[in-house]
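Novice: Structure file final00.cif (mmCIF, C-alpha atoms) is given on the next line.
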data_start
loop_
_atom_site.label_atom_id
_atom_site.label_comp_id
_atom_site.auth_asym_id
_atom_site.auth_seq_id
_atom_site.Cartn_x
_atom_site.Cartn_y
_atom_site.Cartn_z
CA MET A 264 38.12 8.15 -22.22
CA GLY A 265 35.83 5.18 -22.78
CA HIS A 266 32.10 5.34 -23.21
CA LEU A 267 31.28 3.73 -19.84
CA VAL A 268 32.39 5.68 -16.81
CA PHE A 269 30.01 4.66 -14.05
CA CYS A 270 30.90 1.00 -13.78
CA VAL A 271 30.65 -1.45 -10.92
CA PHE A 272 34.05 -3.09 -10.67
CA VAL A 273 33.73 -5.82 -8.10
CA VAL A 274 37.09 -6.39 -6.44
CA CYS A 275 37.84 -10.07 -6.19
CA MET A 276 39.75 -10.65 -2.95
CA LEU A 277 40.94 -14.19 -3.46
CA ARG A 278 43.62 -15.72 -1.26
CA SER A 279 47.05 -14.78 -2.54
CA SER A 280 49.85 -17.24 -2.94
CA ALA A 281 53.52 -16.59 -2.75
CA CYS A 282 54.97 -15.86 -6.14
CA GLY A 283 58.47 -14.98 -7.05
CA ARG A 284 57.67 -12.97 -10.17
CA SER A 285 55.28 -10.15 -10.97
CA ASP A 286 51.71 -11.03 -11.86
CA VAL A 287 51.40 -7.75 -13.78
CA LEU A 288 51.82 -8.24 -17.52
CA GLU A 289 54.22 -5.67 -19.01
CA LEU A 290 53.19 -4.50 -22.48
CA LYS A 291 55.10 -2.46 -25.05
CA ASP A 292 54.44 -0.71 -28.34
CA SER A 293 55.75 -3.80 -30.14
CA ASP A 294 53.36 -6.31 -28.56
CA PHE A 295 50.32 -4.46 -27.16
CA ASP A 296 48.13 -4.93 -30.24
CA TYR A 297 48.56 -8.70 -30.40
CA LEU A 298 48.84 -9.56 -26.69
CA ALA A 299 45.88 -7.48 -25.45
CA PRO A 300 43.30 -9.38 -27.60
CA GLU A 301 44.35 -12.64 -25.92
CA HIS A 302 42.60 -11.52 -22.71
CA GLU A 303 38.83 -11.32 -22.39
CA THR A 304 39.19 -8.65 -19.68
CA LEU A 305 42.38 -6.67 -19.22
CA LEU A 306 42.98 -3.82 -16.75
CA VAL A 307 45.89 -1.70 -17.99
CA LYS A 308 47.84 0.85 -15.96
CA PHE A 309 49.49 3.54 -18.09
CA TYR A 310 52.25 5.11 -16.02
CA ALA A 311 55.52 7.05 -15.94
CA PRO A 312 58.45 5.87 -13.75
CA TRP A 313 58.95 9.35 -12.28
CA CYS A 314 55.28 9.75 -11.28
CA GLY A 315 54.77 9.81 -7.50
CA HIS A 316 51.16 8.63 -7.68
CA CYS A 317 52.26 5.76 -9.92
CA LYS A 318 54.89 4.69 -7.40
CA LYS A 319 52.29 4.76 -4.63
CA LEU A 320 49.88 2.68 -6.70
CA ALA A 321 52.46 0.07 -7.78
CA PRO A 322 52.36 -2.26 -4.73
CA GLU A 323 48.55 -2.15 -4.58
CA PHE A 324 48.35 -2.90 -8.30
CA GLU A 325 50.76 -5.81 -7.87
CA SER A 326 48.72 -7.18 -4.98
CA ALA A 327 45.49 -6.87 -6.97
CA ALA A 328 47.10 -8.71 -9.91
CA ASN A 329 47.97 -11.58 -7.61
CA ARG A 330 44.49 -11.75 -6.10
CA LEU A 331 42.73 -11.47 -9.47
CA LYS A 332 44.95 -14.05 -11.17
CA GLY A 333 42.84 -16.40 -13.22
CA THR A 334 39.92 -13.95 -13.28
CA VAL A 335 41.14 -10.63 -14.65
CA THR A 336 44.61 -9.90 -16.02
CA LEU A 337 46.36 -6.71 -14.94
CA ALA A 338 48.95 -5.10 -17.21
CA LYS A 339 51.10 -1.98 -17.31
CA VAL A 340 52.56 0.25 -20.00
CA ASP A 341 55.47 2.63 -19.40
CA CYS A 342 54.42 5.72 -21.37
CA THR A 343 57.91 7.20 -21.39
CA ALA A 344 59.15 4.24 -23.41
CA ASN A 345 55.98 3.32 -25.31
CA THR A 346 54.64 6.62 -26.57
CA GLU A 347 52.71 5.21 -29.56
CA THR A 348 50.39 3.04 -27.47
CA CYS A 349 49.79 5.76 -24.87
CA LYS A 350 49.04 8.33 -27.57
CA LYS A 351 46.68 5.91 -29.32
CA TYR A 352 44.55 5.56 -26.16
CA GLY A 353 44.59 9.25 -25.27
CA VAL A 354 46.71 8.99 -22.12
CA THR A 355 47.54 12.53 -20.94
CA GLY A 356 48.18 11.99 -17.21
CA TYR A 357 49.55 9.35 -14.89
CA PRO A 358 48.50 6.92 -13.72
CA THR A 359 45.62 6.23 -16.10
CA LEU A 360 43.70 2.95 -15.75
CA LYS A 361 41.68 1.55 -18.64
CA ILE A 362 39.71 -1.65 -19.13
CA PHE A 363 40.08 -3.61 -22.38
CA ARG A 364 37.82 -6.41 -23.55
CA ASN A 365 39.32 -8.74 -26.17
CA GLY A 366 41.81 -6.02 -27.11
CA GLN A 367 39.23 -3.24 -27.49
CA GLU A 368 39.11 -0.33 -25.05
CA SER A 369 35.92 -0.72 -23.03
CA SER A 370 36.05 1.98 -20.36
CA SER A 371 38.19 4.00 -18.04
CA TYR A 372 38.47 2.63 -14.52
CA ASP A 373 36.62 5.57 -13.02
CA GLY A 374 33.55 4.40 -11.16
CA PRO A 375 32.37 2.79 -7.95
CA ARG A 376 33.64 -0.67 -7.09
CA SER A 377 31.73 -3.41 -5.31
CA ALA A 378 32.56 -6.79 -3.84
CA GLY A 379 30.41 -9.91 -3.56
CA PHE A 380 31.10 -12.17 -0.59
CA PHE A 381 29.72 -15.74 -0.62
CA SER A 382 30.03 -18.79 1.60
CA GLY A 383 31.06 -21.23 -1.12
CA SER A 384 31.05 -22.04 -4.80
CA ASP A 385 27.78 -23.97 -4.38
CA SER A 386 25.94 -21.02 -2.81
CA SER A 387 22.52 -20.38 -4.35
CA GLN A 388 23.01 -16.65 -3.81
CA LEU A 389 26.31 -16.78 -5.70
CA ALA A 390 24.46 -18.44 -8.57
CA GLU A 391 21.98 -15.54 -8.66
CA PHE A 392 24.83 -13.03 -8.46
CA LEU A 393 26.59 -14.64 -11.41
CA LYS A 394 23.38 -14.65 -13.45
CA GLY A 395 22.95 -10.94 -12.81
CA ALA A 396 26.61 -10.26 -13.51
CA ASN A 397 26.39 -12.08 -16.83
CA LEU A 398 23.34 -10.06 -17.90
CA MET A 399 24.85 -6.71 -16.91
CA ARG A 400 28.51 -7.29 -17.76
CA GLY A 401 28.19 -5.02 -20.80
CA SER A 402 27.56 -2.07 -18.50
CA PHE A 403 29.26 -2.99 -15.23
CA ARG A 404 32.22 -4.97 -13.86
CA PHE A 405 31.72 -7.91 -11.51
CA ALA A 406 33.84 -10.37 -9.48
CA HIS A 407 33.42 -12.20 -6.18
CA THR A 408 35.12 -14.08 -3.35
CA ILE A 409 34.08 -17.18 -1.44
CA ASP A 410 36.24 -16.24 1.56
CA LEU A 411 33.89 -14.41 3.94
CA GLN A 412 36.80 -13.67 6.27
CA LEU A 413 38.01 -11.10 3.78
CA GLY A 414 34.84 -9.13 4.35
CA HIS A 415 35.21 -8.72 8.12
CA LYS A 416 36.90 -5.36 7.57
CA TYR A 417 33.59 -4.16 6.14
CA ASP A 418 31.42 -5.86 8.77
CA VAL A 419 30.40 -8.69 6.44
CA LYS A 420 28.89 -11.47 8.56
CA TYR A 421 26.98 -13.32 5.87
CA GLU A 422 26.70 -13.46 2.11
CA SER A 423 26.35 -9.97 0.71
CA VAL A 424 27.34 -7.47 -1.97
CA LEU A 425 29.11 -4.21 -1.20
CA LEU A 426 29.55 -1.13 -3.34
CA PHE A 427 32.65 1.02 -2.78
CA ARG A 428 32.78 4.72 -3.59
CA PRO A 429 35.76 5.71 -5.76
CA PRO A 430 38.48 6.87 -3.31
CA ARG A 431 38.67 10.31 -4.90
CA LEU A 432 34.96 10.83 -4.17
CA ASN A 433 35.02 9.66 -0.55
CA SER A 434 33.49 12.18 1.85
CA THR A 435 32.00 12.51 5.31
CA PHE A 436 28.58 13.25 3.81
CA GLU A 437 27.84 9.74 2.54
CA ASP A 438 28.92 6.18 3.25
CA THR A 439 32.16 5.06 1.62
CA VAL A 440 30.86 1.48 1.43
CA VAL A 441 27.23 0.63 0.70
CA HIS A 442 25.78 -2.74 1.78
CA GLN A 443 23.07 -4.33 -0.32
CA THR A 444 19.99 -4.87 1.83
CA GLY A 445 17.53 -6.16 -0.76
CA PRO A 446 17.05 -9.68 -2.08
CA MET A 447 19.94 -11.47 -3.74
CA SER A 448 18.35 -11.78 -7.16
CA ILE A 449 18.88 -10.42 -10.63
CA THR A 450 16.20 -7.78 -10.05
CA GLY A 451 17.52 -6.98 -6.58
CA LEU A 452 21.10 -6.61 -7.82
CA ARG A 453 19.98 -4.40 -10.69
CA ARG A 454 17.97 -2.20 -8.31
CA PHE A 455 20.87 -1.99 -5.84
CA ILE A 456 23.23 -0.79 -8.57
CA ARG A 457 20.68 1.65 -10.00
CA ASP A 458 19.91 3.21 -6.62
CA ASN A 459 23.52 3.54 -5.44
CA ILE A 460 25.73 3.85 -8.50
CA PHE A 461 25.80 7.64 -8.52
CA GLY A 462 25.85 8.52 -4.83
CA ILE A 463 24.81 11.98 -3.66
CA CYS A 464 27.14 13.96 -5.91
CA PRO A 465 28.93 12.12 -8.75
CA HIS A 466 31.47 13.53 -11.19
CA LEU A 467 29.66 14.49 -14.41
CA THR A 468 31.71 13.81 -17.54
CA LYS A 469 31.05 13.78 -21.27
CA GLU A 470 30.93 9.98 -21.08
CA ASN A 471 28.30 9.63 -18.34
CA LYS A 472 26.19 12.74 -18.96
CA ASP A 473 23.44 10.85 -20.79
CA SER A 474 23.01 8.47 -17.84
CA LEU A 475 22.99 11.22 -15.22
CA ARG A 476 20.62 13.44 -17.18
CA LYS A 477 17.87 10.87 -17.09
CA ARG A 478 17.03 12.57 -13.79
CA ASP A 479 16.57 16.21 -12.80
CA LEU A 480 20.19 17.27 -12.32
CA LEU A 481 21.99 20.13 -10.57
CA THR A 482 25.58 20.62 -11.67
CA ALA A 483 28.32 22.82 -10.23
CA TYR A 484 30.90 23.60 -12.94
CA TYR A 485 34.38 24.70 -11.90
CA ASP A 486 38.07 23.95 -12.54
CA LEU A 487 37.70 20.33 -11.44
CA ASP A 488 40.77 18.17 -12.05
CA TYR A 489 41.12 15.02 -9.94
CA LEU A 490 44.38 14.11 -11.65
CA ARG A 491 46.35 17.30 -11.01
CA ASN A 492 44.39 18.96 -8.21
CA PRO A 493 42.32 16.44 -6.21
CA LYS A 494 42.33 18.58 -3.05
CA GLY A 495 41.04 21.65 -4.85
CA SER A 496 38.50 19.58 -6.77
CA ASN A 497 37.04 18.17 -3.57
CA TYR A 498 37.06 21.60 -1.88
CA TRP A 499 34.06 22.73 -3.94
CA ARG A 500 32.50 19.29 -4.19
CA ASN A 501 32.37 19.08 -0.39
CA ARG A 502 30.53 22.40 -0.31
CA VAL A 503 28.01 21.10 -2.81
CA LEU A 504 27.73 17.87 -0.83
CA LYS A 505 27.05 19.72 2.41
CA ILE A 506 23.98 21.36 0.90
CA ALA A 507 23.04 18.35 -1.24
CA SER A 508 22.82 16.15 1.86
CA LYS A 509 19.96 18.37 3.09
CA PHE A 510 18.03 17.97 -0.16
CA SER A 511 19.02 14.43 -1.17
CA SER A 512 15.49 13.07 -0.72
CA TRP A 513 13.81 15.82 -2.74
CA GLY A 514 14.14 14.10 -6.13
CA LEU A 515 17.08 16.11 -7.46
CA LEU A 516 20.46 14.58 -8.32
CA PHE A 517 23.59 16.65 -7.69
CA SER A 518 26.87 16.56 -9.60
CA VAL A 519 30.15 18.40 -10.17
CA ALA A 520 31.91 18.87 -13.50
CA ASN A 521 34.96 20.42 -15.10
CA ARG A 522 33.68 23.64 -16.64
CA HIS A 523 36.20 23.41 -19.50
CA ASP A 524 34.74 20.05 -20.57
CA PHE A 525 31.35 21.75 -21.05
CA ILE A 526 32.45 25.22 -22.14
CA GLU A 527 30.34 25.26 -25.31
CA GLU A 528 27.29 23.91 -23.54
CA LEU A 529 27.53 26.48 -20.75
CA GLY A 530 27.66 29.28 -23.28
CA ASP A 531 25.16 28.01 -25.83
CA GLU A 532 22.57 26.51 -23.49
CA PHE A 533 22.87 28.59 -20.33
CA GLY A 534 24.43 31.86 -21.45
CA LEU A 535 27.31 31.43 -18.99
CA GLY A 536 30.85 32.47 -19.87
CA THR A 537 33.92 30.61 -18.62
CA SER A 538 36.58 33.21 -19.34
CA ASP A 539 35.91 35.64 -16.52
CA GLY A 540 38.77 34.27 -14.41
CA THR A 541 36.62 33.33 -11.43
CA GLU A 542 37.32 30.14 -9.50
CA LEU A 543 33.76 30.06 -8.17
CA PRO A 544 31.45 27.37 -9.57
CA PHE A 545 28.65 28.03 -12.02
CA VAL A 546 25.49 26.21 -10.92
CA THR A 547 22.73 25.02 -13.23
CA ILE A 548 19.69 22.76 -13.02
CA ARG A 549 18.51 20.81 -16.04
CA THR A 550 15.30 18.79 -15.71
CA ARG A 551 14.45 15.63 -17.60
CA THR A 552 11.85 17.58 -19.58
CA GLY A 553 14.37 20.20 -20.71
CA GLN A 554 13.69 23.04 -18.29
CA LYS A 555 16.84 24.99 -17.38
CA TYR A 556 17.72 27.20 -14.42
CA THR A 557 20.90 29.04 -13.50
CA MET A 558 22.08 30.34 -10.13
CA ARG A 559 22.77 34.01 -10.77
CA GLU A 560 24.11 34.74 -7.30
CA GLU A 561 27.79 34.20 -6.61
CA PHE A 562 28.57 30.79 -5.08
CA THR A 563 29.41 31.59 -1.46
CA ARG A 564 31.88 29.40 0.38
CA ASP A 565 29.43 28.75 3.21
CA GLY A 566 26.95 27.33 0.67
CA LYS A 567 24.16 29.71 1.71
CA SER A 568 23.64 30.99 -1.84
CA LEU A 569 23.26 27.42 -3.13
CA GLU A 570 20.82 26.59 -0.34
CA SER A 571 18.75 29.68 -1.14
CA PHE A 572 18.80 28.79 -4.84
CA LEU A 573 17.47 25.31 -4.08
CA GLU A 574 14.76 26.62 -1.77
CA ASP A 575 13.56 28.93 -4.55
CA TYR A 576 13.71 26.09 -7.08
CA PHE A 577 11.60 23.70 -5.02
CA ALA A 578 9.16 26.50 -4.14
CA GLY A 579 8.66 27.24 -7.84
CA ARG A 580 10.01 30.78 -7.53
CA LEU A 581 12.76 30.51 -10.13
CA LYS A 582 12.34 31.77 -13.67
CA GLN A 583 13.44 29.29 -16.31
CA TYR A 584 16.46 30.20 -18.36
CA THR A 585 15.63 30.39 -22.06
CA LYS A 586 18.16 30.90 -24.82
CA SER A 587 16.76 33.56 -27.10
CA GLU A 588 17.83 35.89 -29.86
CA PRO A 589 17.01 39.57 -29.32
CA VAL A 590 13.41 40.51 -30.04
CA PRO A 591 13.31 42.01 -33.57
CA ALA A 592 12.84 45.77 -33.59
CA LYS A 593 10.55 45.43 -36.61
CA ASN A 594 8.52 42.34 -37.41
CA ASN A 595 5.96 43.34 -40.03
CA GLY A 596 7.02 41.06 -42.89
CA PRO A 597 4.84 38.35 -44.43
CA VAL A 598 6.74 35.76 -42.40
CA LYS A 599 6.91 36.65 -38.69
CA VAL A 600 10.24 36.09 -36.96
CA VAL A 601 9.81 34.21 -33.69
CA VAL A 602 12.44 34.10 -30.94
CA ALA A 603 12.22 32.22 -27.68
CA ASP A 604 11.20 35.35 -25.76
CA THR A 605 8.27 35.98 -28.14
CA PHE A 606 7.18 32.38 -28.63
CA GLU A 607 4.37 32.62 -26.09
CA GLU A 608 3.10 35.91 -27.51
CA ILE A 609 3.15 34.96 -31.20
CA VAL A 610 2.88 31.17 -31.46
CA ASN A 611 0.55 30.61 -28.53
CA ASP A 612 -1.84 33.43 -29.38
CA PRO A 613 -5.12 31.53 -28.77
CA GLU A 614 -7.02 33.57 -31.35
CA LYS A 615 -4.89 32.69 -34.36
CA ASP A 616 -3.82 29.64 -36.33
CA LEU A 617 -0.09 29.51 -36.97
CA LEU A 618 2.30 27.65 -39.25
CA ILE A 619 5.91 27.79 -38.02
CA GLU A 620 9.13 26.63 -39.65
CA PHE A 621 12.05 25.69 -37.38
CA TYR A 622 15.21 26.17 -39.42
CA ALA A 623 19.00 26.40 -39.24
CA PRO A 624 20.86 29.19 -41.08
CA TRP A 625 23.31 26.68 -42.60
CA CYS A 626 20.63 24.22 -43.76
CA GLY A 627 20.51 23.80 -47.56
CA HIS A 628 16.91 22.52 -47.54
CA CYS A 629 15.87 25.55 -45.48
CA LYS A 630 17.48 27.93 -47.99
CA LYS A 631 15.67 26.15 -50.82
CA LEU A 632 12.36 26.46 -48.96
CA GLU A 633 12.82 30.15 -48.07
CA PRO A 634 11.40 31.78 -51.25
CA LYS A 635 8.41 29.42 -51.31
CA TYR A 636 7.72 30.02 -47.63
CA GLU A 637 8.00 33.78 -48.21
CA GLU A 638 5.49 33.52 -51.06
CA LEU A 639 3.10 31.60 -48.80
CA GLY A 640 3.38 34.39 -46.21
CA GLN A 641 2.64 37.01 -48.89
CA GLN A 642 -0.46 35.17 -50.11
CA LEU A 643 -1.82 34.99 -46.52
CA TYR A 644 -0.53 38.40 -45.39
CA SER A 645 -4.00 39.98 -45.28
CA ASP A 646 -5.59 37.05 -43.41
CA PRO A 647 -6.24 38.25 -39.82
CA ASN A 648 -6.72 34.72 -38.51
CA ILE A 649 -3.48 33.01 -39.47
CA VAL A 650 0.23 33.67 -38.99
CA ILE A 651 3.11 32.30 -41.06
CA ALA A 652 6.25 32.27 -38.90
CA LYS A 653 9.80 30.98 -38.66
CA MET A 654 12.32 30.43 -35.85
CA ASP A 655 16.06 29.80 -35.87
CA ALA A 656 16.19 26.63 -33.77
CA THR A 657 19.97 26.85 -33.40
CA ALA A 658 19.83 30.25 -31.67
CA ASN A 659 16.65 29.79 -29.61
CA ASP A 660 15.35 27.14 -27.23
CA VAL A 661 12.50 25.18 -28.77
CA PRO A 662 9.62 24.77 -26.28
CA GLN A 663 8.16 21.46 -25.19
CA GLY A 664 5.68 19.92 -27.56
CA TYR A 665 7.78 20.66 -30.64
CA ASP A 666 10.13 17.82 -31.55
CA VAL A 667 12.83 19.32 -33.76
CA GLN A 668 15.47 16.78 -34.76
CA GLY A 669 16.26 18.02 -38.26
CA PHE A 670 15.74 21.02 -40.52
CA PRO A 671 13.43 22.31 -41.69
CA THR A 672 10.75 21.07 -39.28
CA ILE A 673 7.29 22.62 -39.69
CA TYR A 674 4.39 22.62 -37.24
CA PHE A 675 0.80 23.88 -37.34
CA ALA A 676 -0.53 25.29 -34.04
CA PRO A 677 -4.33 25.68 -34.27
CA ALA A 678 -6.26 28.46 -32.58
CA GLY A 679 -7.71 27.39 -29.24
CA ARG A 680 -5.59 24.23 -29.17
CA LYS A 681 -2.04 25.46 -28.78
CA ASN A 682 -1.14 22.46 -26.64
CA GLU A 683 -1.79 20.19 -29.65
CA PRO A 684 0.66 21.30 -32.37
CA LYS A 685 0.54 19.13 -35.49
CA ARG A 686 3.67 18.33 -37.48
CA TYR A 687 3.48 19.12 -41.17
CA GLU A 688 4.62 16.13 -43.22
CA GLY A 689 3.50 17.16 -46.73
CA ALA A 690 5.28 18.42 -49.80
CA ARG A 691 6.87 21.87 -49.64
CA GLU A 692 5.39 23.72 -52.58
CA VAL A 693 3.16 26.75 -51.93
CA LYS A 694 0.10 24.94 -53.27
CA ASP A 695 0.74 22.03 -50.87
CA PHE A 696 0.91 24.34 -47.85
CA ILE A 697 -2.30 26.08 -48.90
CA LYS A 698 -4.10 22.76 -49.41
CA PHE A 699 -3.03 21.70 -45.90
CA LEU A 700 -4.11 25.00 -44.33
CA LYS A 701 -7.50 24.95 -46.05
CA ARG A 702 -8.08 21.60 -44.40
CA GLU A 703 -6.69 22.42 -40.94
CA ALA A 704 -7.40 26.14 -40.41
CA SER A 705 -10.13 27.08 -37.94
CA LYS A 706 -11.56 29.71 -40.32
CA PRO A 707 -11.66 30.11 -44.10
CA LEU A 708 -8.40 31.42 -45.54
CA VAL A 709 -8.00 34.91 -46.96
CA LEU A 710 -5.72 34.45 -49.99
CA ASN A 711 -4.32 37.59 -51.64
CA GLY A 712 -7.05 39.61 -49.96
CA VAL A 713 -9.84 37.30 -51.11
CA LYS A 714 -11.73 35.19 -48.56
CA GLU A 715 -12.00 31.54 -49.51
CA GLU A 716 -15.41 29.93 -49.31
CA LEU A 717 -15.91 26.77 -47.28
#
Please lay out the structure from this file as structure tokens.
Specialist:
Amino acid sequence: MGHLVFCVFVVCMLRSSACGRSDVLELKDSDFDYLAPEHETLLVKFYAPWCGHCKKLAPEFESAANRLKGTVTLAKVDCTANTETCKKYGVTGYPTLKIFRNGQESSSYDGPRSAGFFSGSDSSQLAEFLKGANLMRGSFRFAHTIDLQLGHKYDVKYESVLLFRPPRLNSTFEDTVVHQTGPMSITGLRRFIRDNIFGICPHLTKENKDSLRKRDLLTAYYDLDYLRNPKGSNYWRNRVLKIASKFSSWGLLFSVANRHDFIEELGDEFGLGTSDGTELPFVTIRTRTGQKYTMREEFTRDGKSLESFLEDYFAGRLKQYTKSEPVPAKNNGPVKVVVADTFEEIVNDPEKDLLIEFYAPWCGHCKKLEPKYEELGQQLYSDPNIVIAKMDATANDVPQGYDVQGFPTIYFAPAGRKNEPKRYEGAREVKDFIKFLKREASKPLVLNGVKEEL
């Protein structure tokens, strides 16, 4: 699946002309690689002749090819006869639609569509639309029509832009077609897309997760499969939507996802298993700042448990979920072991300075540092005012304020100023750590039982 999933594909409804032959380009294993690059934008349908959904789509695809002629080329590939091409582009179900730009796969045709309706080719608003489309074409798909009559079905009475929800996500809880009401300008078009691209409850995928997670996000994970089980997929989504519509203005975005696409994440980041055989959704909330919450109650079909979960979330009654190793039974060594559940107690002790190493068990640099760090802890073991500590950052959630992108990462958290941790950037010999601590510690160090003088 391509990188871009939430795209605006503006359907160009140009007047069709009678044509005796198909306007859909048929591609094969033998010619796909050299014919596809001849087209700046190519929409390809991968299909199987026996597929019922493919047969249903065929006349609509043919009609679209005729209407888009001269703007976007539509093509098809029979995957029963051209297995190499279909395997190359990861086609596992039919029909699959993908967009290619100059022969390179750009995205799957999986997002909202919108249509721009304008009074003529000399329209000033069309000029603005085209400017915006040109600037954003790397992220979205655009086209337009100058035949306003084609927009009457959608109550278009003047020049405007419409956004269409993907048919599989249509519901009674939100409008299927969204009319732009703001100014027809580059800024206005960008804002219209930004505010409406996701809808109340989009489909979260691996490809669009980074975009969706720029906001506080609730996700219901279940056996979602719009290709093989669209009815079942929408059964749970509609129940999420019913509750989401009550909270849509509260600053939280809702989504649904296939639990099997995020099986590792659910286990590693939320402690949720996916092998218990239940068909009920798992529900989580992940905020932009990294806070995580899980709905521990069973998802009831009337949605009451989800509604109660949201009420507790917005009232601040929910306890954050934190991934943590078990608290060590003994922790009296020269280097204190910190886990997420003891971070507040050990690291944020306001009376003591602390130096903490965030490490990964597999990290070669961490293994090389270990004996030196242990020696540092031994030299400062009798100092009552400072703690030398370490934390496995792969097995525990790292709190806010500590930016851990690689290993080892070392921070100094001074007494009385735990909200101002300082990253250690020096050399990693024992003498270098001691030199740093002599400079930063709130009280003179006690080295090997001997108090250092200021």
Novice: Could you expand the PyMOL selection byres ((chain A and resi 612) around 12) into the explicit residues it covers here, written as a PDB file with C-alpha atoms, in the frame of the given file?
Specialist:
ATOM      1  CA  THR A 605       8.270  35.980 -28.140  1.00  0.00           C
ATOM      2  CA  PHE A 606       7.180  32.380 -28.630  1.00  0.00           C
ATOM      3  CA  GLU A 607       4.370  32.620 -26.090  1.00  0.00           C
ATOM      4  CA  GLU A 608       3.100  35.910 -27.510  1.00  0.00           C
ATOM      5  CA  ILE A 609       3.150  34.960 -31.200  1.00  0.00           C
ATOM      6  CA  VAL A 610       2.880  31.170 -31.460  1.00  0.00           C
ATOM      7  CA  ASN A 611       0.550  30.610 -28.530  1.00  0.00           C
ATOM      8  CA  PRO A 613      -5.120  31.530 -28.770  1.00  0.00           C
ATOM      9  CA  GLU A 614      -7.020  33.570 -31.350  1.00  0.00           C
ATOM     10  CA  LYS A 615      -4.890  32.690 -34.360  1.00  0.00           C
ATOM     11  CA  ASP A 616      -3.820  29.640 -36.330  1.00  0.00           C
ATOM     12  CA  LEU A 617      -0.090  29.510 -36.970  1.00  0.00           C
ATOM     13  CA  ASN A 648      -6.720  34.720 -38.510  1.00  0.00           C
ATOM     14  CA  ILE A 649      -3.480  33.010 -39.470  1.00  0.00           C
ATOM     15  CA  VAL A 650       0.230  33.670 -38.990  1.00  0.00           C
ATOM     16  CA  ALA A 676      -0.530  25.290 -34.040  1.00  0.00           C
ATOM     17  CA  PRO A 677      -4.330  25.680 -34.270  1.00  0.00           C
ATOM     18  CA  ALA A 678      -6.260  28.460 -32.580  1.00  0.00           C
ATOM     19  CA  GLY A 679      -7.710  27.390 -29.240  1.00  0.00           C
ATOM     20  CA  ARG A 680      -5.590  24.230 -29.170  1.00  0.00           C
ATOM     21  CA  LYS A 681      -2.040  25.460 -28.780  1.00  0.00           C
ATOM     22  CA  ASN A 682      -1.140  22.460 -26.640  1.00  0.00           C
TER      23      ASN A 682
END
Novice: From the set A:Cys626, A:Lys706, A:Asp488, A:Ala658, which residue has the shortest atom-to-atom contact distance to A:Thr672, counting only C-alpha atoms?
Specialist: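 For A:Thr672, the nearest of the given residues is A:Cys626.
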Novice: So that I can see what lies close to A:Leu306, please list as number ranges by chain the residues with an atom at most 9 Å from it, counting all atoms listed in the file and leaving out residues fewer than 6 positions away in the same chain.
Specialist: A: 335-339, 360-364, 372
Novice: For the structure provided, state which residues fall under the PyMOL selection byres ((chain A and resi 442) around 7), and present them as a list in words.
Specialist: Val424, Leu425, Leu426, Val440, Val441, Gln443 and Thr444 of chain A
Novice: Mind checking which residues fall within 12 Å of A:Leu543, counting all atoms listed in the file, ignoring those fewer than 3 positions away in the same chain, and posting them as a ChimeraX atom specification?
Specialist: /A:483-487,495-496,498-500,502-503,521-522,537-540,546,558-564,566,568-569
Novice: Restricting it to C-alpha atoms, dump the selection as an mmCIF file, keeping the file's coordinate frame.
Specialist:
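Result file follows (selection25.cif):
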data_model
loop_
_atom_site.group_PDB
_atom_site.id
_atom_site.type_symbol
_atom_site.label_atom_id
_atom_site.label_comp_id
_atom_site.auth_asym_id
_atom_site.auth_seq_id
_atom_site.Cartn_x
_atom_site.Cartn_y
_atom_site.Cartn_z
ATOM 1 C CA ALA A 483 28.320 22.820 -10.230
ATOM 2 C CA TYR A 484 30.900 23.600 -12.940
ATOM 3 C CA TYR A 485 34.380 24.700 -11.900
ATOM 4 C CA ASP A 486 38.070 23.950 -12.540
ATOM 5 C CA LEU A 487 37.700 20.330 -11.440
ATOM 6 C CA GLY A 495 41.040 21.650 -4.850
ATOM 7 C CA SER A 496 38.500 19.580 -6.770
ATOM 8 C CA TYR A 498 37.060 21.600 -1.880
ATOM 9 C CA TRP A 499 34.060 22.730 -3.940
ATOM 10 C CA ARG A 500 32.500 19.290 -4.190
ATOM 11 C CA ARG A 502 30.530 22.400 -0.310
ATOM 12 C CA VAL A 503 28.010 21.100 -2.810
ATOM 13 C CA ASN A 521 34.960 20.420 -15.100
ATOM 14 C CA ARG A 522 33.680 23.640 -16.640
ATOM 15 C CA THR A 537 33.920 30.610 -18.620
ATOM 16 C CA SER A 538 36.580 33.210 -19.340
ATOM 17 C CA ASP A 539 35.910 35.640 -16.520
ATOM 18 C CA GLY A 540 38.770 34.270 -14.410
ATOM 19 C CA VAL A 546 25.490 26.210 -10.920
ATOM 20 C CA MET A 558 22.080 30.340 -10.130
ATOM 21 C CA ARG A 559 22.770 34.010 -10.770
ATOM 22 C CA GLU A 560 24.110 34.740 -7.300
ATOM 23 C CA GLU A 561 27.790 34.200 -6.610
ATOM 24 C CA PHE A 562 28.570 30.790 -5.080
ATOM 25 C CA THR A 563 29.410 31.590 -1.460
ATOM 26 C CA ARG A 564 31.880 29.400 0.380
ATOM 27 C CA GLY A 566 26.950 27.330 0.670
ATOM 28 C CA SER A 568 23.640 30.990 -1.840
ATOM 29 C CA LEU A 569 23.260 27.420 -3.130
#
Novice: Work out how far apart atom CA of A:Leu480 and atom CA of A:Arg431 are and give it in Å to one decimal.
Specialist: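 About the pair atom CA of A:Leu480 and atom CA of A:Arg431: they are 21.1 Å apart.
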Novice: Applying the PyMOL selection byres ((chain A and resi 478) around 7) to the file I just gave you, which residues come out? Please list them as a short mmCIF file (atom, residue, chain, number, x, y, z; two decimals) with C-alpha atoms, keeping the file's coordinate frame.
Specialist:
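File part_36.cif, as written:
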data_model
loop_
_atom_site.label_atom_id
_atom_site.label_comp_id
_atom_site.auth_asym_id
_atom_site.auth_seq_id
_atom_site.Cartn_x
_atom_site.Cartn_y
_atom_site.Cartn_z
CA LEU A 475 22.99 11.22 -15.22
CA ARG A 476 20.62 13.44 -17.18
CA LYS A 477 17.87 10.87 -17.09
CA ASP A 479 16.57 16.21 -12.80
CA LEU A 480 20.19 17.27 -12.32
CA LEU A 516 20.46 14.58 -8.32
CA THR A 550 15.30 18.79 -15.71
CA ARG A 551 14.45 15.63 -17.60
#
